$ cat my_file.cif   # mmCIF, C-alpha atoms
data_start
loop_
_atom_site.group_PDB
_atom_site.id
_atom_site.type_symbol
_atom_site.label_atom_id
_atom_site.label_comp_id
_atom_site.auth_asym_id
_atom_site.auth_seq_id
_atom_site.Cartn_x
_atom_site.Cartn_y
_atom_site.Cartn_z
ATOM 1 C CA ILE A 1 -13.385 21.176 14.331
ATOM 2 C CA ALA A 2 -10.518 23.685 14.193
ATOM 3 C CA ASP A 3 -7.804 23.209 16.860
ATOM 4 C CA ASN A 4 -9.347 19.946 18.064
ATOM 5 C CA THR A 5 -7.113 17.088 19.210
ATOM 6 C CA THR A 6 -7.621 13.358 19.724
ATOM 7 C CA LEU A 7 -5.895 11.083 22.249
ATOM 8 C CA ASP A 8 -5.188 7.805 20.472
ATOM 9 C CA GLY A 9 -2.986 5.788 22.820
ATOM 10 C CA THR A 10 0.210 5.581 24.831
ATOM 11 C CA GLY A 11 3.449 3.651 24.487
ATOM 12 C CA ILE A 12 5.326 2.379 21.455
ATOM 13 C CA GLY A 13 3.125 1.349 18.538
ATOM 14 C CA SER A 14 0.946 2.455 15.644
ATOM 15 C CA TYR A 15 -2.259 4.379 16.258
ATOM 16 C CA THR A 16 -5.265 5.321 14.169
ATOM 17 C CA SER A 17 -6.954 8.661 14.720
ATOM 18 C CA ARG A 18 -10.533 9.350 13.674
ATOM 19 C CA VAL A 19 -11.426 12.972 12.961
ATOM 20 C CA THR A 20 -15.133 13.774 12.852
ATOM 21 C CA GLY A 21 -17.269 16.852 12.384
ATOM 22 C CA ALA A 22 -15.916 18.249 9.108
ATOM 23 C CA PRO A 23 -18.437 19.114 6.367
ATOM 24 C CA GLY A 24 -18.302 17.360 2.999
ATOM 25 C CA ASN A 25 -15.828 18.351 0.270
ATOM 26 C CA THR A 26 -13.600 20.131 2.795
ATOM 27 C CA MET A 27 -9.799 20.010 2.966
ATOM 28 C CA VAL A 28 -8.618 19.144 6.486
ATOM 29 C CA TYR A 29 -5.080 19.670 7.820
ATOM 30 C CA VAL A 30 -3.812 17.269 10.485
ATOM 31 C CA ARG A 31 -0.526 16.701 12.312
ATOM 32 C CA ALA A 32 0.384 13.913 14.715
ATOM 33 C CA TYR A 33 2.474 14.545 17.814
ATOM 34 C CA ALA A 34 3.808 12.580 20.775
ATOM 35 C CA THR A 35 4.743 13.858 24.219
ATOM 36 C CA ASN A 36 7.014 12.321 26.845
ATOM 37 C CA LEU A 37 9.127 13.587 29.731
ATOM 38 C CA TYR A 38 11.686 15.009 27.284
ATOM 39 C CA GLY A 39 9.210 17.143 25.381
ATOM 40 C CA THR A 40 6.936 16.958 22.341
ATOM 41 C CA GLY A 41 7.778 15.728 18.854
ATOM 42 C CA TYR A 42 5.644 16.643 15.837
ATOM 43 C CA GLY A 43 5.056 14.713 12.628
ATOM 44 C CA SER A 44 4.637 16.238 9.196
ATOM 45 C CA GLN A 45 1.451 18.066 8.306
ATOM 46 C CA GLU A 46 -0.918 15.933 6.225
ATOM 47 C CA THR A 47 -4.053 16.893 4.316
ATOM 48 C CA PHE A 48 -7.137 15.068 3.137
ATOM 49 C CA THR A 49 -10.437 16.068 1.607
ATOM 50 C CA THR A 50 -13.647 14.845 3.186
ATOM 51 C CA LEU A 51 -16.104 13.000 0.988
ATOM 52 C CA SER A 52 -19.273 14.589 -0.257
ATOM 53 C CA GLY A 53 -21.574 12.496 1.896
ATOM 54 C CA THR A 54 -23.945 11.720 -0.976
ATOM 55 C CA GLY A 55 -24.738 8.206 0.221
ATOM 56 C CA ASP A 56 -23.082 4.806 0.336
ATOM 57 C CA ALA A 57 -25.631 2.191 -0.702
ATOM 58 C CA ASP A 58 -23.346 -0.828 -0.263
ATOM 59 C CA ASN A 59 -21.697 0.380 2.983
ATOM 60 C CA ASP A 60 -18.142 -0.138 1.750
ATOM 61 C CA GLY A 61 -16.955 3.328 2.786
ATOM 62 C CA VAL A 62 -16.889 4.759 -0.749
ATOM 63 C CA PRO A 63 -19.664 7.206 -1.738
ATOM 64 C CA ASN A 64 -22.049 6.218 -4.510
ATOM 65 C CA ALA A 65 -20.956 9.250 -6.536
ATOM 66 C CA MET A 66 -17.323 8.141 -6.604
ATOM 67 C CA GLU A 67 -18.173 4.560 -7.557
ATOM 68 C CA ASP A 68 -20.708 5.655 -10.179
ATOM 69 C CA GLY A 69 -18.064 7.924 -11.705
ATOM 70 C CA GLY A 70 -15.623 5.043 -12.055
ATOM 71 C CA PRO A 71 -14.485 3.123 -15.144
ATOM 72 C CA ASN A 72 -16.930 1.338 -17.447
ATOM 73 C CA GLY A 73 -19.788 3.571 -16.385
ATOM 74 C CA GLY A 74 -19.395 2.677 -12.712
ATOM 75 C CA ASP A 75 -18.860 -1.052 -13.340
ATOM 76 C CA GLY A 76 -15.164 -1.353 -12.545
ATOM 77 C CA ASN A 77 -14.911 -5.155 -12.766
ATOM 78 C CA GLY A 78 -17.164 -5.387 -15.830
ATOM 79 C CA ASP A 79 -19.695 -7.839 -14.382
ATOM 80 C CA GLY A 80 -22.729 -5.892 -15.555
ATOM 81 C CA ILE A 81 -23.685 -4.582 -12.096
ATOM 82 C CA ALA A 82 -22.898 -1.099 -10.772
ATOM 83 C CA ASP A 83 -20.144 -1.202 -8.143
ATOM 84 C CA SER A 84 -22.153 1.118 -5.883
ATOM 85 C CA LEU A 85 -24.767 -1.639 -5.567
ATOM 86 C CA GLN A 86 -22.354 -4.480 -4.721
ATOM 87 C CA GLY A 87 -20.903 -5.034 -1.287
ATOM 88 C CA ASP A 88 -18.072 -7.198 -2.609
ATOM 89 C CA VAL A 89 -16.817 -4.779 -5.299
ATOM 90 C CA THR A 90 -15.739 -1.169 -4.982
ATOM 91 C CA SER A 91 -14.075 1.405 -7.231
ATOM 92 C CA ILE A 92 -12.169 4.311 -5.727
ATOM 93 C CA LEU A 93 -9.684 6.952 -6.852
ATOM 94 C CA THR A 94 -6.028 6.277 -6.065
ATOM 95 C CA ALA A 95 -4.313 8.638 -3.630
ATOM 96 C CA THR A 96 -1.574 9.431 -6.163
ATOM 97 C CA ASN A 97 -3.734 10.842 -8.975
ATOM 98 C CA GLN A 98 -3.346 7.706 -11.092
ATOM 99 C CA GLY A 99 -7.009 7.219 -11.867
ATOM 100 C CA TYR A 100 -9.235 4.532 -10.391
ATOM 101 C CA LEU A 101 -8.610 1.144 -8.864
ATOM 102 C CA THR A 102 -11.254 -1.528 -8.282
ATOM 103 C CA VAL A 103 -11.207 -4.025 -5.408
ATOM 104 C CA GLU A 104 -13.134 -7.251 -5.999
ATOM 105 C CA ILE A 105 -13.596 -10.196 -3.625
ATOM 106 C CA ILE A 106 -13.095 -13.365 -5.698
ATOM 107 C CA THR A 107 -13.874 -15.895 -2.944
ATOM 108 C CA GLY A 108 -14.546 -15.750 0.783
ATOM 109 C CA CYS A 109 -16.208 -12.708 2.302
ATOM 110 C CA PRO A 110 -19.450 -11.258 0.951
ATOM 111 C CA LEU A 111 -18.638 -7.668 1.966
ATOM 112 C CA LEU A 112 -15.886 -5.050 1.776
ATOM 113 C CA ARG A 113 -15.729 -2.472 4.554
ATOM 114 C CA ASN A 114 -13.857 0.802 5.168
ATOM 115 C CA VAL A 115 -12.179 0.980 1.757
ATOM 116 C CA GLN A 116 -9.595 3.792 1.612
ATOM 117 C CA THR A 117 -6.608 4.813 -0.485
ATOM 118 C CA PHE A 118 -3.521 6.578 0.843
ATOM 119 C CA THR A 119 0.058 7.480 -0.034
ATOM 120 C CA GLU A 120 3.227 5.773 1.132
ATOM 121 C CA ALA A 121 4.274 8.953 2.975
ATOM 122 C CA SER A 122 1.165 8.831 5.158
ATOM 123 C CA ARG A 123 2.467 5.605 6.727
ATOM 124 C CA GLY A 124 6.174 6.392 6.732
ATOM 125 C CA ILE A 125 8.842 5.877 4.074
ATOM 126 C CA ASP A 126 9.568 2.501 2.496
ATOM 127 C CA GLU A 127 13.180 3.384 1.788
ATOM 128 C CA ARG A 128 13.935 1.174 -1.236
ATOM 129 C CA TYR A 129 10.521 1.293 -2.927
ATOM 130 C CA GLU A 130 8.132 3.713 -4.546
ATOM 131 C CA TYR A 131 4.363 3.345 -4.965
ATOM 132 C CA THR A 132 3.088 4.805 -8.231
ATOM 133 C CA TYR A 133 -0.504 3.878 -7.392
ATOM 134 C CA GLY A 134 -0.275 4.415 -3.646
ATOM 135 C CA LEU A 135 -1.815 1.870 -1.281
ATOM 136 C CA VAL A 136 -5.367 0.716 -0.613
ATOM 137 C CA SER A 137 -6.801 -0.627 2.630
ATOM 138 C CA PHE A 138 -10.032 -2.414 3.442
ATOM 139 C CA GLU A 139 -11.591 -4.765 5.971
ATOM 140 C CA LEU A 140 -12.847 -8.279 5.292
ATOM 141 C CA GLN A 141 -15.109 -9.617 8.019
ATOM 142 C CA CYS A 142 -14.252 -13.288 7.564
ATOM 143 C CA SER A 143 -11.453 -15.778 8.218
ATOM 144 C CA SER A 144 -10.087 -16.086 4.664
ATOM 145 C CA ALA A 145 -10.576 -14.562 1.229
ATOM 146 C CA THR A 146 -9.050 -14.064 -2.193
ATOM 147 C CA VAL A 147 -9.129 -10.532 -3.595
ATOM 148 C CA ARG A 148 -8.252 -8.935 -6.906
ATOM 149 C CA ILE A 149 -7.322 -5.281 -7.405
ATOM 150 C CA TYR A 150 -7.594 -3.716 -10.865
ATOM 151 C CA TYR A 151 -5.514 -0.643 -11.771
ATOM 152 C CA HIS A 152 -7.408 1.020 -14.595
ATOM 153 C CA ASP A 153 -4.654 3.423 -15.685
ATOM 154 C CA ALA A 154 -2.303 0.533 -16.504
ATOM 155 C CA THR A 155 -2.431 -2.361 -18.962
ATOM 156 C CA ALA A 156 0.295 -4.149 -16.990
ATOM 157 C CA LEU A 157 2.274 -3.477 -13.819
ATOM 158 C CA PRO A 158 5.995 -3.223 -14.709
ATOM 159 C CA VAL A 159 7.366 -4.794 -11.525
ATOM 160 C CA GLN A 160 5.533 -7.676 -9.898
ATOM 161 C CA ILE A 161 6.040 -6.814 -6.240
ATOM 162 C CA PHE A 162 3.142 -6.318 -3.846
ATOM 163 C CA ARG A 163 4.106 -4.619 -0.586
ATOM 164 C CA LYS A 164 2.082 -4.481 2.596
ATOM 165 C CA PHE A 165 2.134 -2.162 5.579
ATOM 166 C CA GLY A 166 1.410 -3.631 8.981
ATOM 167 C CA PRO A 167 2.655 -6.171 11.516
ATOM 168 C CA ILE A 168 4.315 -9.468 10.656
ATOM 169 C CA PRO A 169 2.694 -12.317 12.659
ATOM 170 C CA PRO A 170 2.990 -13.419 15.363
ATOM 171 C CA ASP A 171 4.136 -9.956 16.509
ATOM 172 C CA PHE A 172 1.163 -7.643 15.979
ATOM 173 C CA ASN A 173 2.683 -4.738 17.921
ATOM 174 C CA TYR A 174 4.995 -3.317 15.267
ATOM 175 C CA ASP A 175 4.023 -2.002 11.812
ATOM 176 C CA GLN A 176 6.425 -2.110 8.886
ATOM 177 C CA PHE A 177 6.554 -2.429 5.105
ATOM 178 C CA TYR A 178 7.136 -5.946 3.737
ATOM 179 C CA THR A 179 6.634 -7.962 0.549
ATOM 180 C CA LEU A 180 3.613 -10.270 0.397
ATOM 181 C CA PRO A 181 4.597 -13.588 -1.229
ATOM 182 C CA GLY A 182 2.263 -15.398 -3.585
ATOM 183 C CA ALA A 183 0.671 -12.364 -5.247
ATOM 184 C CA VAL A 184 -0.286 -13.063 -8.879
ATOM 185 C CA PHE A 185 -0.033 -10.276 -11.471
ATOM 186 C CA GLY A 186 -1.825 -10.184 -14.794
ATOM 187 C CA SER A 187 -3.971 -8.256 -17.242
ATOM 188 C CA ALA A 188 -7.703 -8.730 -17.817
ATOM 189 C CA ASN A 189 -9.938 -7.570 -20.638
ATOM 190 C CA LEU A 190 -12.596 -5.382 -19.025
ATOM 191 C CA MET A 191 -15.204 -4.082 -21.453
ATOM 192 C CA GLY A 192 -12.619 -4.280 -24.251
ATOM 193 C CA GLN A 193 -9.905 -2.498 -22.245
ATOM 194 C CA PRO A 194 -6.742 -4.383 -21.094
ATOM 195 C CA THR A 195 -6.452 -3.677 -17.367
ATOM 196 C CA ALA A 196 -3.639 -4.596 -14.971
ATOM 197 C CA PHE A 197 -4.497 -6.512 -11.827
ATOM 198 C CA VAL A 198 -2.950 -8.220 -8.822
ATOM 199 C CA GLU A 199 -4.630 -11.109 -6.999
ATOM 200 C CA TYR A 200 -3.750 -12.658 -3.638
ATOM 201 C CA SER A 201 -5.226 -14.653 -0.759
ATOM 202 C CA LEU A 202 -5.440 -13.666 2.903
ATOM 203 C CA ALA A 203 -6.299 -15.401 6.167
ATOM 204 C CA ASP A 204 -7.140 -14.094 9.620
ATOM 205 C CA ALA A 205 -4.036 -13.473 11.791
ATOM 206 C CA GLN A 206 -1.717 -14.759 9.048
ATOM 207 C CA LEU A 207 0.850 -12.848 6.995
ATOM 208 C CA GLY A 208 -1.016 -10.086 5.182
ATOM 209 C CA ASP A 209 -3.550 -9.420 7.945
ATOM 210 C CA GLY A 210 -2.988 -6.335 10.061
ATOM 211 C CA THR A 211 -4.740 -7.693 13.170
ATOM 212 C CA GLY A 212 -4.666 -10.833 15.315
ATOM 213 C CA PHE A 213 -7.296 -13.573 15.641
ATOM 214 C CA ASP A 214 -10.446 -11.435 15.580
ATOM 215 C CA GLY A 215 -12.439 -12.714 12.612
ATOM 216 C CA ILE A 216 -11.487 -9.615 10.585
ATOM 217 C CA ILE A 217 -8.808 -9.238 7.928
ATOM 218 C CA TYR A 218 -7.351 -5.732 7.693
ATOM 219 C CA ASP A 219 -5.485 -5.311 4.438
ATOM 220 C CA PRO A 220 -3.380 -2.254 3.506
ATOM 221 C CA GLY A 221 -1.035 -2.700 0.544
ATOM 222 C CA GLY A 222 -0.086 -1.795 -3.002
ATOM 223 C CA PRO A 223 2.157 -2.638 -5.970
ATOM 224 C CA ALA A 224 5.678 -1.286 -5.567
ATOM 225 C CA GLN A 225 8.889 -1.017 -7.519
ATOM 226 C CA LEU A 226 12.481 -0.433 -6.539
ATOM 227 C CA ASP A 227 13.358 3.241 -6.403
ATOM 228 C CA PRO A 228 15.273 3.985 -9.643
ATOM 229 C CA ALA A 229 17.560 6.276 -7.654
ATOM 230 C CA ILE A 230 19.023 3.166 -5.996
ATOM 231 C CA PRO A 231 21.522 1.545 -8.411
ATOM 232 C CA THR A 232 21.433 -2.225 -8.875
ATOM 233 C CA LEU A 233 23.884 -4.546 -10.642
ATOM 234 C CA ASN A 234 22.890 -7.304 -13.019
ATOM 235 C CA GLU A 235 24.740 -10.626 -13.088
ATOM 236 C CA TRP A 236 27.515 -9.404 -15.421
ATOM 237 C CA GLY A 237 27.891 -6.217 -13.443
ATOM 238 C CA GLN A 238 28.469 -8.221 -10.281
ATOM 239 C CA ILE A 239 31.080 -10.412 -11.997
ATOM 240 C CA ILE A 240 32.967 -7.360 -13.301
ATOM 241 C CA MET A 241 32.919 -5.790 -9.845
ATOM 242 C CA VAL A 242 34.395 -8.964 -8.303
ATOM 243 C CA LEU A 243 37.191 -9.016 -10.915
ATOM 244 C CA ILE A 244 38.014 -5.357 -10.271
ATOM 245 C CA LEU A 245 38.219 -5.963 -6.530
ATOM 246 C CA ALA A 246 40.335 -9.087 -7.051
ATOM 247 C CA GLY A 247 42.726 -7.166 -9.318
ATOM 248 C CA SER A 248 43.068 -4.408 -6.736
ATOM 249 C CA SER A 249 43.929 -6.969 -4.061
ATOM 250 C CA VAL A 250 46.687 -8.547 -6.214
ATOM 251 C CA TRP A 251 48.173 -5.114 -6.974
ATOM 252 C CA MET A 252 48.256 -4.224 -3.277
ATOM 253 C CA ILE A 253 49.968 -7.516 -2.433
ATOM 254 C CA ARG A 254 52.631 -6.905 -5.087
ATOM 255 C CA ARG A 255 53.203 -3.373 -3.865
ATOM 256 C CA ARG A 256 53.755 -4.637 -0.356
ATOM 257 C CA GLN A 257 56.144 -7.360 -1.557
ATOM 258 C CA GLY A 258 58.084 -4.806 -3.592
ATOM 259 C CA ARG A 259 58.533 -2.577 -0.564
ATOM 260 C CA SER A 260 59.764 -5.471 1.582
ATOM 261 C CA LEU A 261 62.451 -6.187 -1.062
ATOM 262 C CA GLY A 262 63.535 -2.569 -1.162
ATOM 263 C CA VAL A 263 62.107 -1.867 -4.596
#

$ encode --input "my_file.cif" --output "structure tokens"
Amino acid sequence: IADNTTLDGTGIGSYTSRVTGAPGNTMVYVRAYATNLYGTGYGSQETFTTLSGTGDADNDGVPNAMEDGGPNGGDGNGDGIADSLQGDVTSILTATNQGYLTVEIITGCPLLRNVQTFTEASRGIDERYEYTYGLVSFELQCSSATVRIYYHDATALPVQIFRKFGPIPPDFNYDQFYTLPGAVFGSANLMGQPTAFVEYSLADAQLGDGTGFDGIIYDPGGPAQLDPAIPTLNEWGQIIMVLILAGSSVWMIRRRQGRSLGV
């Protein structure tokens, strides 16, 4: 597949490219580009490793070998059934080398489809946030569902913010990062191991779904925290800053009055 290109669309928007033909366990280098009458602009080079192709019994997009190698002997949600045999549960490695995460449908759809993990950088830069565990996307072929995502390398998530990447209804033409309201964070005891989770509900063509009214919920997102490089002020810090600014204003007024009096 070397030097192959795909044509994925025209105009302003977000496009998905599907690369086929690579053998299993192979690192692939890709770069997006766009051409108009002013020339061609190139995106950054990205890499991914193709899966081994050892079978996917539950058709969720994650190979049996990866699910079977997951936490709790391949039973990520601890229900006594191997994840590789359940269409509504899947375990997959995070894209940021932070171990496994497990996606479980609590209510709604019977099946997960096209489960993938990816980094923030692969979708752009969410300027004020960082994603320790990356993001995960999947498809739910139903009109509404509640899902829970376990993060097995954490006993609790330090900041309870769940960010999504995609359009904000009713405008489905523009993708962006945004915070999903209503997400519930907690910790569950899975096979004797405290495990962090986030749980939220989704509905077709509503906030949190990446597509319009099509009977499918497309859900990319992940837990995020404010970038520590961006300073923030607590309540007392804000009060002190206001007092400093007020004092500076009084001093400037007095200086001006002094000059007008010839001081």

$ resolve_selection --input "my_file.cif" --expression "the PyMOL selection byres ((chain A and resi 141) around 12)" --output "compact mmCIF listing (two decimals) with C-alpha atoms, in the coordinates of the input"
# COMPACT_ATOMS: atom_id res chain seq x y z
CA ASP A 60 -18.14 -0.14 1.75
CA GLY A 87 -20.90 -5.03 -1.29
CA ASP A 88 -18.07 -7.20 -2.61
CA ILE A 105 -13.60 -10.20 -3.62
CA GLY A 108 -14.55 -15.75 0.78
CA CYS A 109 -16.21 -12.71 2.30
CA PRO A 110 -19.45 -11.26 0.95
CA LEU A 111 -18.64 -7.67 1.97
CA LEU A 112 -15.89 -5.05 1.78
CA ARG A 113 -15.73 -2.47 4.55
CA ASN A 114 -13.86 0.80 5.17
CA PHE A 138 -10.03 -2.41 3.44
CA GLU A 139 -11.59 -4.76 5.97
CA LEU A 140 -12.85 -8.28 5.29
CA CYS A 142 -14.25 -13.29 7.56
CA SER A 143 -11.45 -15.78 8.22
CA SER A 144 -10.09 -16.09 4.66
CA ALA A 145 -10.58 -14.56 1.23
CA LEU A 202 -5.44 -13.67 2.90
CA ALA A 203 -6.30 -15.40 6.17
CA ASP A 204 -7.14 -14.09 9.62
CA ASP A 209 -3.55 -9.42 7.94
CA THR A 211 -4.74 -7.69 13.17
CA PHE A 213 -7.30 -13.57 15.64
CA ASP A 214 -10.45 -11.44 15.58
CA GLY A 215 -12.44 -12.71 12.61
CA ILE A 216 -11.49 -9.62 10.58
CA ILE A 217 -8.81 -9.24 7.93
CA TYR A 218 -7.35 -5.73 7.69
CA ASP A 219 -5.48 -5.31 4.44

$ closest_residue --input "my_file.cif" --among "A:Val198, A:Leu157, A:Ile149, A:Leu207" --to "Phe172 in chain A" --atoms "all atoms listed in the file"
A:Leu207

$ atom_distance --input "my_file.cif" --atom1 "CA of Val89 in chain A" --atom2 "CA of Val147 in chain A"
9.8 Å

$ residues_around --input "my_file.cif" --residues "Ile161 in chain A" --least-positions-apart "6" --cutoff "9 Å" --atoms "all atoms listed in the file" --output "list in words"
Thr179, Leu180, Pro181, Ala183, Phe185, Gly222, Pro223, Ala224 and Gln225 of chain A

$ closest_residue --input "my_file.cif" --among "A:Ser122, A:Asp79, A:Leu93, A:Gly99" --to "Gln45 in chain A" --atoms "all atoms listed in the file"
A:Ser122

$ closest_residue --input "my_file.cif" --among "A:Tyr151, A:Thr102, A:Val30, A:Met191" --to "Tyr42 in chain A" --atoms "all atoms listed in the file"
A:Val30

$ resolve_selection --input "my_file.cif" --expression "the PyMOL selection byres ((chain A and resi 74) around 12)" --output "PyMOL selection string"
chain A and resi 63-73+75-86+89-92+100-102+191

$ write_last_selection --input "my_file.cif" --atoms "C-alpha atoms" --output "PDB file, in the coordinates of the input"
ATOM      1  CA  PRO A  63     -19.664   7.206  -1.738  1.00  0.00           C
ATOM      2  CA  ASN A  64     -22.049   6.218  -4.510  1.00  0.00           C
ATOM      3  CA  ALA A  65     -20.956   9.250  -6.536  1.00  0.00           C
ATOM      4  CA  MET A  66     -17.323   8.141  -6.604  1.00  0.00           C
ATOM      5  CA  GLU A  67     -18.173   4.560  -7.557  1.00  0.00           C
ATOM      6  CA  ASP A  68     -20.708   5.655 -10.179  1.00  0.00           C
ATOM      7  CA  GLY A  69     -18.064   7.924 -11.705  1.00  0.00           C
ATOM      8  CA  GLY A  70     -15.623   5.043 -12.055  1.00  0.00           C
ATOM      9  CA  PRO A  71     -14.485   3.123 -15.144  1.00  0.00           C
ATOM     10  CA  ASN A  72     -16.930   1.338 -17.447  1.00  0.00           C
ATOM     11  CA  GLY A  73     -19.788   3.571 -16.385  1.00  0.00           C
ATOM     12  CA  ASP A  75     -18.860  -1.052 -13.340  1.00  0.00           C
ATOM     13  CA  GLY A  76     -15.164  -1.353 -12.545  1.00  0.00           C
ATOM     14  CA  ASN A  77     -14.911  -5.155 -12.766  1.00  0.00           C
ATOM     15  CA  GLY A  78     -17.164  -5.387 -15.830  1.00  0.00           C
ATOM     16  CA  ASP A  79     -19.695  -7.839 -14.382  1.00  0.00           C
ATOM     17  CA  GLY A  80     -22.729  -5.892 -15.555  1.00  0.00           C
ATOM     18  CA  ILE A  81     -23.685  -4.582 -12.096  1.00  0.00           C
ATOM     19  CA  ALA A  82     -22.898  -1.099 -10.772  1.00  0.00           C
ATOM     20  CA  ASP A  83     -20.144  -1.202  -8.143  1.00  0.00           C
ATOM     21  CA  SER A  84     -22.153   1.118  -5.883  1.00  0.00           C
ATOM     22  CA  LEU A  85     -24.767  -1.639  -5.567  1.00  0.00           C
ATOM     23  CA  GLN A  86     -22.354  -4.480  -4.721  1.00  0.00           C
ATOM     24  CA  VAL A  89     -16.817  -4.779  -5.299  1.00  0.00           C
ATOM     25  CA  THR A  90     -15.739  -1.169  -4.982  1.00  0.00           C
ATOM     26  CA  SER A  91     -14.075   1.405  -7.231  1.00  0.00           C
ATOM     27  CA  ILE A  92     -12.169   4.311  -5.727  1.00  0.00           C
ATOM     28  CA  TYR A 100      -9.235   4.532 -10.391  1.00  0.00           C
ATOM     29  CA  LEU A 101      -8.610   1.144  -8.864  1.00  0.00           C
ATOM     30  CA  THR A 102     -11.254  -1.528  -8.282  1.00  0.00           C
ATOM     31  CA  MET A 191     -15.204  -4.082 -21.453  1.00  0.00           C
TER      32      MET A 191
END

$ closest_residue --input "my_file.cif" --among "A:Ala205, A:Leu37, A:Ala154, A:Ala121" --to "Pro167 in chain A" --atoms "all atoms listed in the file"
A:Ala205

$ atom_distance --input "my_file.cif" --atom1 "CA of Glu104 in chain A" --atom2 "CA of Phe118 in chain A"
18.2 Å

$ closest_residue --input "my_file.cif" --among "A:Asn59, A:Thr119, A:Ser201, A:Ser187" --to "Ala156 in chain A" --atoms "all atoms listed in the file"
A:Ser187

$ residues_around --input "my_file.cif" --residues "range 124-128 of chain A" --least-positions-apart "5" --cutoff "10 Å" --atoms "all atoms listed in the file" --output "PyMOL selection string"
chain A and resi 119+163+165+176-178+224-230

$ atom_distance --input "my_file.cif" --atom1 "CA of Tyr131 in chain A" --atom2 "CA of Val159 in chain A"
10.9 Å

$ closest_residue --input "my_file.cif" --among "A:Val103, A:Val62, A:Ala32, A:Ile168" --to "Glu46 in chain A" --atoms "all atoms listed in the file"
A:Ala32

$ residues_around --input "my_file.cif" --residues "Ser137 in chain A" --least-positions-apart "6" --cutoff "7 Å" --atoms "all atoms listed in the file" --output "PyMOL selection string"
chain A and resi 115-117+219-221

$ residues_near_point --input "my_file.cif" --point "(-4.8, -2.5, -16.4)" --cutoff "9 Å" --atoms "all atoms listed in the file" --output "JSON, numbers by chain"
{"A": [150, 151, 152, 153, 154, 155, 156, 157, 186, 187, 188, 189, 190, 193, 194, 195, 196, 197]}

$ build_atoms --input "my_file.cif" --residues "range 78-93 of chain A" --atoms "N, CA and C atoms" --output "CSV table (one decimal), keeping the file's coordinate frame"
chain,number,residue,atom,x,y,z
A,78,GLY,N,-16.5,-5.0,-14.6
A,78,GLY,CA,-17.2,-5.4,-15.8
A,78,GLY,C,-18.1,-6.6,-15.7
A,79,ASP,N,-18.8,-6.7,-14.6
A,79,ASP,CA,-19.7,-7.8,-14.4
A,79,ASP,C,-21.1,-7.5,-14.7
A,80,GLY,N,-21.4,-6.3,-15.2
A,80,GLY,CA,-22.7,-5.9,-15.6
A,80,GLY,C,-23.6,-5.3,-14.4
A,81,ILE,N,-23.0,-5.1,-13.2
A,81,ILE,CA,-23.7,-4.6,-12.1
A,81,ILE,C,-22.9,-3.4,-11.6
A,82,ALA,N,-23.6,-2.3,-11.3
A,82,ALA,CA,-22.9,-1.1,-10.8
A,82,ALA,C,-22.2,-1.4,-9.5
A,83,ASP,N,-20.9,-0.9,-9.4
A,83,ASP,CA,-20.1,-1.2,-8.1
A,83,ASP,C,-20.8,-0.6,-6.9
A,84,SER,N,-21.5,0.5,-7.0
A,84,SER,CA,-22.2,1.1,-5.9
A,84,SER,C,-23.3,0.3,-5.3
A,85,LEU,N,-23.7,-0.8,-6.0
A,85,LEU,CA,-24.8,-1.6,-5.6
A,85,LEU,C,-24.3,-3.0,-5.1
A,86,GLN,N,-22.9,-3.2,-5.1
A,86,GLN,CA,-22.4,-4.5,-4.7
A,86,GLN,C,-21.5,-4.3,-3.5
A,87,GLY,N,-21.7,-5.1,-2.5
A,87,GLY,CA,-20.9,-5.0,-1.3
A,87,GLY,C,-19.5,-5.7,-1.4
A,88,ASP,N,-19.3,-6.5,-2.5
A,88,ASP,CA,-18.1,-7.2,-2.6
A,88,ASP,C,-17.2,-6.6,-3.7
A,89,VAL,N,-17.6,-5.5,-4.3
A,89,VAL,CA,-16.8,-4.8,-5.3
A,89,VAL,C,-16.9,-3.3,-5.0
A,90,THR,N,-15.7,-2.6,-5.1
A,90,THR,CA,-15.7,-1.2,-5.0
A,90,THR,C,-14.7,-0.5,-5.9
A,91,SER,N,-15.0,0.6,-6.4
A,91,SER,CA,-14.1,1.4,-7.2
A,91,SER,C,-13.8,2.7,-6.5
A,92,ILE,N,-12.6,3.1,-6.5
A,92,ILE,CA,-12.2,4.3,-5.7
A,92,ILE,C,-11.0,4.9,-6.4
A,93,LEU,N,-10.8,6.3,-6.3
A,93,LEU,CA,-9.7,7.0,-6.9
A,93,LEU,C,-8.4,6.6,-6.1
